[in-house]
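J.: Next comes data-v5.tsv, TSV, C-alpha atoms:
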chain	number	residue	atom	x	y	z
U	1	MET	CA	11.65	23.78	10.67
U	2	ARG	CA	10.48	21.49	13.47
U	3	VAL	CA	10.43	17.96	12.09
U	4	LEU	CA	8.96	14.80	13.59
U	5	ALA	CA	10.92	11.89	12.10
U	6	ALA	CA	8.95	8.64	11.98
U	7	MET	CA	11.60	6.01	12.70
U	8	SER	CA	10.52	2.45	11.90
U	9	GLY	CA	13.81	0.89	12.94
U	10	GLY	CA	14.94	0.37	9.37
U	11	VAL	CA	17.79	1.89	7.40
U	12	ASP	CA	15.65	4.20	5.26
U	13	SER	CA	13.95	6.06	8.11
U	14	ALA	CA	17.23	6.29	10.04
U	15	VAL	CA	19.04	7.93	7.11
U	16	ALA	CA	16.03	10.19	6.44
U	17	ALA	CA	16.18	11.42	10.05
U	18	ALA	CA	19.95	11.92	9.76
U	19	ARG	CA	19.53	14.01	6.62
U	20	ALA	CA	16.87	16.10	8.34
U	21	VAL	CA	19.37	16.81	11.14
U	22	ASP	CA	22.09	17.67	8.61
U	23	ALA	CA	19.69	20.10	6.92
U	24	GLY	CA	19.54	22.09	10.14
U	25	HIS	CA	16.03	21.15	11.20
U	26	ASP	CA	14.94	20.71	14.81
U	27	VAL	CA	14.31	16.94	14.71
U	28	VAL	CA	12.55	14.63	17.16
U	29	GLY	CA	12.36	10.88	16.50
U	30	VAL	CA	9.26	8.79	17.13
U	31	HIS	CA	8.61	5.07	16.74
U	32	LEU	CA	5.02	3.91	16.31
U	33	ALA	CA	3.99	0.93	18.45
U	34	LEU	CA	1.36	-0.66	16.26
U	35	SER	CA	0.98	-3.98	18.10
U	36	ARG	CA	0.45	-4.87	21.73
U	37	ALA	CA	1.99	-8.31	21.29
U	38	GLY	CA	4.94	-7.57	23.58
U	39	GLY	CA	6.94	-10.67	22.67
U	40	THR	CA	6.90	-10.05	18.95
U	41	LEU	CA	10.33	-10.34	17.36
U	42	ARG	CA	11.37	-9.78	13.77
U	43	THR	CA	12.71	-12.69	11.68
U	44	GLY	CA	14.85	-11.69	8.70
U	45	SER	CA	12.81	-9.60	6.31
U	46	ARG	CA	9.44	-10.64	7.75
U	47	GLY	CA	7.32	-8.10	9.58
U	48	CYS	CA	8.14	-4.71	11.03
U	49	CYS	CA	7.14	-2.54	14.02
U	50	THR	CA	8.52	-5.15	16.46
U	51	ILE	CA	10.44	-4.81	19.74
U	52	GLU	CA	13.67	-5.22	17.80
U	53	ASP	CA	12.65	-2.43	15.42
U	54	ALA	CA	11.87	-0.08	18.32
U	55	LEU	CA	15.30	-0.75	19.83
U	56	ASP	CA	17.01	-0.18	16.46
U	57	ALA	CA	15.15	3.12	16.09
U	58	ARG	CA	16.21	4.23	19.58
U	59	ARG	CA	19.87	3.40	18.89
U	60	ALA	CA	19.75	5.43	15.66
U	61	ALA	CA	18.18	8.40	17.44
U	62	ASP	CA	20.80	8.24	20.19
U	63	LEU	CA	23.59	8.24	17.61
U	64	LEU	CA	22.02	11.27	15.89
U	65	GLY	CA	21.63	13.04	19.22
U	66	ILE	CA	17.91	13.68	18.87
U	67	PRO	CA	15.08	13.14	21.37
U	68	PHE	CA	13.20	9.87	20.87
U	69	TYR	CA	9.76	8.66	21.88
U	70	VAL	CA	7.56	5.61	21.33
U	71	TRP	CA	3.91	6.41	20.66
U	72	ASP	CA	1.21	3.77	21.09
U	73	PHE	CA	-0.99	3.81	17.99
U	74	SER	CA	-2.02	0.16	18.34
U	75	GLU	CA	-5.74	0.86	18.79
U	76	ARG	CA	-5.90	3.14	15.74
U	77	PHE	CA	-3.91	0.59	13.74
U	78	ARG	CA	-6.24	-2.22	14.82
U	79	ASP	CA	-9.38	-0.24	13.96
U	80	ASP	CA	-8.24	1.51	10.78
U	81	VAL	CA	-5.89	-1.01	9.18
U	82	ILE	CA	-6.35	-4.53	10.52
U	83	ALA	CA	-10.15	-4.38	10.82
U	84	ASP	CA	-10.36	-2.85	7.33
U	85	PHE	CA	-8.14	-5.63	5.96
U	86	VAL	CA	-10.40	-8.33	7.42
U	87	ALA	CA	-13.61	-6.58	6.33
U	88	GLU	CA	-12.37	-6.19	2.76
U	89	TYR	CA	-11.53	-9.89	2.47
U	90	GLN	CA	-14.90	-10.80	3.97
U	91	ALA	CA	-16.51	-8.69	1.24
U	92	GLY	CA	-14.56	-10.52	-1.47
U	93	ARG	CA	-12.19	-7.63	-2.17
U	94	THR	CA	-8.38	-7.47	-2.17
U	95	PRO	CA	-7.14	-4.73	0.20
U	96	ASN	CA	-3.78	-2.97	0.41
U	97	PRO	CA	-2.94	-2.55	4.13
U	98	CYS	CA	0.17	-0.43	3.45
U	99	MET	CA	-2.03	2.06	1.61
U	100	ARG	CA	-4.45	2.17	4.55
U	101	CYS	CA	-1.58	2.59	7.02
U	102	ASN	CA	-0.24	5.59	5.14
U	103	GLU	CA	-3.72	7.07	4.80
U	104	LYS	CA	-5.00	6.47	8.34
U	105	ILE	CA	-1.90	6.21	10.54
U	106	LYS	CA	1.33	7.80	9.28
U	107	PHE	CA	-0.19	10.77	7.48
U	108	ALA	CA	-3.42	11.17	9.44
U	109	ALA	CA	-3.15	10.14	13.10
U	110	LEU	CA	0.60	10.81	13.34
U	111	LEU	CA	0.51	14.03	11.34
U	112	GLU	CA	-2.48	15.32	13.34
U	113	ARG	CA	-0.63	14.81	16.60
U	114	ALA	CA	2.56	16.31	15.18
U	115	LEU	CA	0.76	19.48	14.14
U	116	GLU	CA	-0.97	19.70	17.53
U	117	LEU	CA	2.47	19.59	19.18
U	118	GLY	CA	3.82	22.38	16.99
U	119	PHE	CA	5.79	20.41	14.42
U	120	ASP	CA	5.90	21.68	10.85
U	121	ALA	CA	6.32	18.37	9.06
U	122	VAL	CA	6.52	14.61	9.41
U	123	CYS	CA	9.65	13.06	7.92
U	124	THR	CA	9.68	9.45	6.67
U	125	GLY	CA	12.03	7.20	4.73
U	126	HIS	CA	9.68	6.77	1.78
U	127	TYR	CA	11.16	6.94	-1.71
U	128	ALA	CA	9.13	9.69	-3.36
U	129	THR	CA	9.78	13.30	-4.39
U	130	LEU	CA	7.97	16.50	-3.45
U	131	VAL	CA	8.03	19.41	-5.89
U	132	ASP	CA	6.82	22.89	-4.92
U	133	THR	CA	5.24	24.83	-7.79
U	134	ALA	CA	3.18	27.99	-8.17
U	135	ALA	CA	0.09	25.75	-8.22
U	136	GLY	CA	1.05	24.03	-4.98
U	137	ARG	CA	3.05	21.05	-3.81
U	138	GLU	CA	3.18	18.00	-6.07
U	139	LEU	CA	3.99	14.35	-5.33
U	140	HIS	CA	6.32	12.71	-7.86
U	141	ARG	CA	8.04	9.39	-8.35
U	142	ALA	CA	11.43	8.83	-6.72
U	143	SER	CA	14.68	9.03	-8.67
U	144	ASP	CA	15.25	5.31	-8.04
U	145	ALA	CA	12.50	3.62	-10.06
U	146	ALA	CA	13.21	0.27	-8.39
U	147	LYS	CA	12.44	1.72	-4.94
U	148	ASP	CA	9.74	4.22	-5.91
U	149	GLN	CA	6.93	4.29	-3.33
U	150	SER	CA	4.74	7.01	-4.81
U	151	TYR	CA	2.03	4.40	-5.43
U	152	VAL	CA	1.45	3.71	-1.72
U	153	LEU	CA	1.57	7.47	-1.04
U	154	GLY	CA	-1.09	8.25	-3.63
U	155	VAL	CA	-3.70	8.57	-0.86
U	156	LEU	CA	-2.09	11.78	0.49
U	157	ASP	CA	-4.04	14.97	-0.11
U	158	ALA	CA	-2.83	18.57	-0.53
U	159	GLU	CA	-2.93	19.39	3.18
U	160	GLN	CA	-0.95	16.28	4.11
U	161	LEU	CA	1.62	16.87	1.38
U	162	ALA	CA	2.12	20.40	2.69
U	163	HIS	CA	3.43	18.94	5.98
U	164	THR	CA	5.43	16.01	4.58
U	165	TYR	CA	9.19	15.61	4.13
U	166	PHE	CA	10.85	12.83	2.08
U	167	PRO	CA	14.66	13.26	2.28
U	168	LEU	CA	15.38	10.09	0.27
U	169	GLY	CA	13.32	10.91	-2.83
U	170	SER	CA	16.20	12.15	-4.98
U	171	THR	CA	18.64	9.40	-3.96
U	172	PRO	CA	19.68	7.41	-7.07
U	173	SER	CA	19.74	3.99	-5.36
U	174	LYS	CA	19.17	2.10	-2.11
U	175	ALA	CA	22.84	1.08	-2.16
U	176	ILE	CA	23.77	4.73	-1.60
U	177	VAL	CA	21.47	4.88	1.43
U	178	ARG	CA	23.03	1.75	2.94
U	179	ALA	CA	26.55	3.06	2.32
U	180	GLU	CA	25.63	6.36	3.95
U	181	ALA	CA	24.18	4.54	6.96
U	182	ALA	CA	27.37	2.53	7.36
U	183	GLU	CA	29.51	5.67	7.08
U	184	ARG	CA	27.41	7.31	9.79
U	185	GLY	CA	27.85	4.29	12.06
U	186	LEU	CA	24.18	3.33	12.03
U	187	THR	CA	23.81	-0.32	13.06
U	188	VAL	CA	20.87	-0.81	10.69
U	189	ALA	CA	23.01	-0.24	7.59
U	190	GLN	CA	22.60	-3.83	6.37
U	191	LYS	CA	19.28	-4.63	8.00
U	192	PRO	CA	17.03	-6.42	5.49
U	193	ASP	CA	13.97	-4.66	4.12
U	194	SER	CA	10.54	-5.81	5.26
U	195	TYR	CA	8.40	-7.26	2.48
U	196	ASP	CA	5.48	-8.85	4.29
U	197	ILE	CA	2.30	-7.50	5.82
U	198	CYS	CA	3.63	-6.22	9.13
U	199	PHE	CA	0.85	-7.72	11.26
U	200	ILE	CA	1.30	-11.15	9.62
U	201	PRO	CA	5.06	-11.59	10.18
U	202	ASP	CA	5.12	-15.32	9.33
U	203	GLY	CA	3.73	-14.56	5.86
U	204	ASP	CA	0.81	-17.00	6.20
U	205	THR	CA	-2.00	-14.66	5.15
U	206	ARG	CA	-4.39	-17.55	4.44
U	207	GLY	CA	-3.91	-19.06	7.91
U	208	TRP	CA	-4.16	-15.65	9.61
U	209	LEU	CA	-7.44	-14.87	7.85
U	210	ALA	CA	-8.85	-18.32	8.61
U	211	ASP	CA	-8.21	-17.66	12.29
U	212	LYS	CA	-9.91	-14.24	12.12
U	213	VAL	CA	-12.95	-14.98	9.94
U	214	GLY	CA	-13.21	-18.76	10.05
U	215	ALA	CA	-12.81	-21.19	7.18
U	216	GLU	CA	-16.11	-22.41	5.69
U	217	SER	CA	-15.94	-24.80	2.76
U	218	GLY	CA	-17.78	-23.95	-0.44
U	219	ASP	CA	-18.02	-24.53	-4.16
U	220	ILE	CA	-15.59	-23.62	-6.92
U	221	VAL	CA	-17.60	-23.09	-10.11
U	222	ASP	CA	-16.91	-22.23	-13.72
U	223	ALA	CA	-18.38	-19.19	-15.49
U	224	ALA	CA	-21.53	-21.19	-16.35
U	225	GLY	CA	-22.08	-22.07	-12.69
U	226	ALA	CA	-21.09	-25.74	-12.89
U	227	VAL	CA	-19.40	-27.02	-9.71
U	228	ILE	CA	-15.89	-28.23	-10.52
U	229	GLY	CA	-14.26	-28.24	-7.10
U	230	ARG	CA	-14.41	-27.32	-3.43
U	231	HIS	CA	-12.54	-24.79	-1.33
U	232	GLU	CA	-11.88	-24.45	2.42
U	233	GLY	CA	-12.58	-20.73	2.66
U	234	ALA	CA	-13.30	-18.12	-0.03
U	235	HIS	CA	-11.19	-15.55	1.86
U	236	ALA	CA	-8.07	-17.46	0.79
U	237	PHE	CA	-8.57	-16.63	-2.89
U	238	THR	CA	-8.03	-13.48	-4.91
U	239	VAL	CA	-8.72	-12.55	-8.52
U	240	GLY	CA	-5.98	-13.76	-10.87
U	241	GLN	CA	-4.86	-16.59	-8.59
U	242	ARG	CA	-3.85	-19.82	-10.32
U	243	ARG	CA	-2.15	-21.95	-7.67
U	244	GLY	CA	-3.95	-23.85	-4.94
U	245	LEU	CA	-7.26	-24.37	-6.74
U	246	LYS	CA	-7.07	-28.21	-6.61
U	247	LEU	CA	-9.82	-28.67	-9.18
U	248	GLY	CA	-11.24	-32.12	-9.72
U	249	VAL	CA	-12.49	-31.44	-13.25
U	250	PRO	CA	-10.00	-30.45	-15.97
U	251	ALA	CA	-10.79	-27.58	-18.34
U	252	PRO	CA	-12.18	-28.65	-21.74
U	253	ASP	CA	-9.19	-27.08	-23.48
U	254	GLY	CA	-6.72	-28.50	-20.97
U	255	LYS	CA	-5.40	-25.03	-20.10
U	256	PRO	CA	-4.94	-23.68	-16.55
U	257	ARG	CA	-7.82	-21.87	-14.88
U	258	PHE	CA	-7.67	-18.75	-12.78
U	259	VAL	CA	-9.84	-17.12	-10.13
U	260	LEU	CA	-12.20	-14.69	-11.87
U	261	GLU	CA	-14.41	-13.68	-8.96
U	262	VAL	CA	-14.92	-14.26	-5.24
U	263	ARG	CA	-18.55	-14.22	-4.07
U	264	PRO	CA	-18.59	-13.96	-0.26
U	265	VAL	CA	-22.38	-14.04	0.14
U	266	SER	CA	-22.66	-17.47	-1.49
U	267	ASN	CA	-19.14	-18.49	-0.40
U	268	THR	CA	-18.34	-19.31	-4.02
U	269	VAL	CA	-15.16	-18.96	-6.05
U	270	VAL	CA	-15.54	-18.53	-9.82
U	271	VAL	CA	-12.73	-19.71	-12.10
U	272	GLY	CA	-12.12	-19.58	-15.83
U	273	PRO	CA	-9.53	-19.16	-18.59
U	274	LYS	CA	-6.81	-16.53	-18.47
U	275	GLU	CA	-8.49	-14.58	-21.26
U	276	ALA	CA	-11.44	-13.87	-18.95
U	277	LEU	CA	-9.11	-11.86	-16.66
U	278	SER	CA	-8.77	-9.17	-19.32
U	279	ILE	CA	-10.30	-5.92	-18.02
U	280	GLY	CA	-11.20	-2.97	-20.27
U	281	GLU	CA	-12.54	-0.58	-17.62
U	282	ILE	CA	-12.21	0.05	-13.89
U	283	ALA	CA	-14.12	2.47	-11.67
U	284	GLY	CA	-14.37	3.56	-8.06
U	285	ASP	CA	-15.96	6.25	-5.89
U	286	ARG	CA	-13.44	6.44	-3.01
U	287	PHE	CA	-11.06	8.86	-4.71
U	288	SER	CA	-8.74	11.68	-3.67
U	289	TRP	CA	-6.32	14.07	-5.35
U	290	ALA	CA	-2.63	14.41	-4.49
U	291	GLY	CA	-2.49	18.19	-4.57
U	292	ARG	CA	-4.50	20.06	-7.17
U	293	ALA	CA	-7.51	18.35	-8.71
U	294	PRO	CA	-7.72	17.75	-12.48
U	295	GLU	CA	-8.88	20.82	-14.39
U	296	THR	CA	-11.28	18.84	-16.60
U	297	ASP	CA	-13.62	15.91	-16.03
U	298	ALA	CA	-11.84	13.83	-18.67
U	299	PHE	CA	-8.07	13.59	-19.05
U	300	ALA	CA	-5.23	11.38	-20.28
U	301	CYS	CA	-3.07	9.72	-17.65
U	302	ASP	CA	-1.05	6.66	-16.76
U	303	VAL	CA	-2.63	4.28	-14.26
U	304	GLN	CA	-0.91	1.83	-11.92
U	305	ILE	CA	-2.96	-0.86	-10.15
U	306	ARG	CA	-0.27	-2.52	-8.00
U	307	ALA	CA	2.73	-1.24	-6.09
U	308	HIS	CA	5.22	-2.83	-8.48
U	309	ALA	CA	3.16	-2.90	-11.68
U	310	ASP	CA	4.09	-0.96	-14.79
U	311	PRO	CA	1.97	2.14	-15.46
U	312	VAL	CA	-0.50	1.81	-18.33
U	313	PRO	CA	-1.59	4.73	-20.58
U	314	ALA	CA	-5.29	5.37	-20.09
U	315	ARG	CA	-8.17	7.81	-20.27
U	316	ALA	CA	-9.83	8.83	-17.00
U	317	GLU	CA	-13.20	10.47	-16.55
U	318	LEU	CA	-15.18	11.82	-13.61
U	319	ARG	CA	-18.65	10.41	-14.16
U	320	GLY	CA	-21.59	10.16	-11.75
U	321	GLY	CA	-19.45	10.52	-8.63
U	322	GLU	CA	-16.96	7.91	-9.85
U	323	VAL	CA	-13.56	7.92	-11.46
U	324	VAL	CA	-13.81	5.71	-14.54
U	325	VAL	CA	-10.61	4.61	-16.28
U	326	ARG	CA	-10.26	2.91	-19.66
U	327	PRO	CA	-6.68	1.70	-20.36
U	328	ASP	CA	-5.22	1.79	-23.85
U	329	ALA	CA	-4.40	-1.91	-23.42
U	330	PRO	CA	-6.50	-4.15	-21.13
U	331	PHE	CA	-5.48	-4.84	-17.56
U	332	GLU	CA	-5.12	-8.42	-16.41
U	333	GLY	CA	-6.42	-9.84	-13.16
U	334	VAL	CA	-7.84	-6.73	-11.50
U	335	ALA	CA	-9.60	-7.30	-8.17
U	336	PRO	CA	-12.11	-4.99	-6.49
U	337	GLY	CA	-10.44	-3.45	-3.44
U	338	GLN	CA	-7.15	-2.75	-5.21
U	339	THR	CA	-6.00	0.84	-5.48
U	340	ALA	CA	-5.57	2.56	-8.83
U	341	VAL	CA	-3.11	5.47	-8.78
U	342	LEU	CA	-3.20	7.98	-11.62
U	343	TYR	CA	-0.05	9.71	-12.93
U	344	ASP	CA	0.81	12.56	-15.26
U	345	GLY	CA	4.34	11.56	-16.17
U	346	THR	CA	6.09	11.29	-12.80
U	347	ARG	CA	3.46	13.35	-10.97
U	348	VAL	CA	0.79	11.60	-8.92
U	349	ILE	CA	-2.64	12.97	-9.83
U	350	GLY	CA	-4.64	10.96	-7.32
U	351	GLN	CA	-6.07	7.57	-6.52
U	352	PHE	CA	-9.23	5.55	-6.07
U	353	THR	CA	-10.23	2.17	-4.71
U	354	ILE	CA	-11.48	-0.10	-7.48
U	355	ALA	CA	-15.13	-0.93	-6.86
U	356	ARG	CA	-16.09	-2.51	-10.17
U	357	THR	CA	-14.53	-3.76	-13.37
U	358	VAL	CA	-15.75	-4.32	-16.93
U	359	SER	CA	-14.39	-7.20	-18.97
U	360	ALA	CA	-12.50	-6.44	-22.16
U	361	VAL	CA	-13.92	-9.66	-23.67
U	362	PRO	CA	-17.40	-9.30	-25.19
U	363	ALA	CA	-20.09	-11.42	-23.54
U	364	GLY	CA	-20.44	-14.85	-25.11
U	365	VAL	CA	-16.94	-14.86	-26.59
Could you render the structure as structure tokens?
T.:
Amino acid sequence: MRVLAAMSGGVDSAVAAARAVDAGHDVVGVHLALSRAGGTLRTGSRGCCTIEDALDARRAADLLGIPFYVWDFSERFRDDVIADFVAEYQAGRTPNPCMRCNEKIKFAALLERALELGFDAVCTGHYATLVDTAAGRELHRASDAAKDQSYVLGVLDAEQLAHTYFPLGSTPSKAIVRAEAAERGLTVAQKPDSYDICFIPDGDTRGWLADKVGAESGDIVDAAGAVIGRHEGAHAFTVGQRRGLKLGVPAPDGKPRFVLEVRPVSNTVVVGPKEALSIGEIAGDRFSWAGRAPETDAFACDVQIRAHADPVPARAELRGGEVVVRPDAPFEGVAPGQTAVLYDGTRVIGQFTIARTVSAVPAGV
């Protein structure tokens, strides 16, 4: 099999490429240049896709004895990931840029080019498992629950899964991957993982957004509409946030207040008690299936609303062009723009972007 190994410059993608070589595949390494800021350097675990990462990827490819290229995807990344990130915040939603990158870049733009060049599959260092069945290929959770990345891969469809290769999915732990990298002589064996949004390497999302969309002051109000504070930019707030509100009026019950809603049109942030964050239903119309579609319009599943959240038993239904999900126990602090990934055990069923929520607390309570 001809395999294009996406090499980020980290330990996971380097070991994934090495395993693809060991499996006897014809492997070519490629690093994606996603930024045109030529002086960008990585600091510790902040950021990725930097000059340093490209050099680390090249050294790994040289050690493995495979051809290596750098492909400039910066325009696609700017248009499909960064612009989407800004637009979602401007609309008062909470986006997931890693989800968009997988959907639009790594398993769309990259895979399209790979197939055009005659490759059979794209190999990455993601922790997820692919299972081939009589009904088609399925996406499952990784063996290492702590590193499982099936959530951010939930956007992949059947055609993309058919040309995907995850060599690390059955590895019991990240420690094994690092030990293997060291044994192979890969210099990235102890390189720290990246945890931040790659295009905001200093971790200051609020400052980055203020520079992109401007910071216009506005009101912070309670659920009744009474003004109880001021903010310096609604984009800096997300549903469920508690810190940084700086309210001038204490709550009647003396308890902390949380962001309940961001209203970009009026530049208003709505806050209230923690109980008001309880959500009994979520729905969205931007959905896709990871392999085969559900056989019925209503089905039991587990739903996960954040990359590192616990799955929650729920009932999903296809209704009026939407996926509507009612969890057995209410969610807390769900924001429009987040991605909900549906599971059947370890198998990913599909995903949708949350467009609306329904409170689990009856009106007036």
J.: Using CA of Ala91 (chain U) and CA of Ala340 (chain U) as the two end points, give the distance in Å to one decimal.
T.: 18.6 Å
J.: For Asn102 (chain U), which residue among U:Ala16, U:Leu342, U:Val27, U:Ala6 is the nearest when counting all atoms listed in the file?
T.: U:Ala6
J.: Counting all atoms listed in the file, which residue out of U:Val303, U:Leu55, U:Cys98, U:Ala114 sits closest to Ala5 (chain U)?
T.: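 So, comparing all the options, the nearest one is U:Ala114.
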J.: To one decimal in Å, tell me the separation between CA of Val28 (chain U) and CA of Asp120 (chain U).
T.: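 Between CA of Val28 (chain U) and CA of Asp120 (chain U) the gap works out to 11.6 Å.
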J.: Can you pull out every residue within 12 Å of region 127-136 of chain U, counting only C-alpha atoms, but drop anything in the same chain fewer than 3 positions away, and send it as a ChimeraX atom specification?
T.: /U:12-13,15-16,123-124,139-154,156-174,177,290-295,346-348
J.: May I have the residues within 6 Å of Ala283 (chain U) as a VMD selection string, using only C-alpha atoms and disregarding those fewer than 5 positions away in the same chain?
T.: chain U and resid 323 to 324 354 to 356
J.: Using CA of Cys301 (chain U) and CA of Met99 (chain U) as the two end points, give the distance in Å to one decimal.
T.: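 Between CA of Cys301 (chain U) and CA of Met99 (chain U) the gap works out to 20.8 Å.
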J.: List the neighbours of Arg242 (chain U) out to 10 Å using all atoms listed in the file; skip same-chain residues closer than 6 positions along the sequence, and give me the result as a list in words.
T.: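 The contact residues come out as Pro256, Arg257, Phe258, Val259, Leu260, Val271, Gly272 and Lys274 of chain U.
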J.: Residues at most 8 Å from Thr94 (chain U), counting all atoms listed in the file, excluding those fewer than 3 positions away in the same chain, as a list in words?
T.: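 So, after excluding close chain neighbours, the residues are Glu88, Tyr89, Thr238, Ala335, Pro336, Gly337 and Gln338 of chain U.
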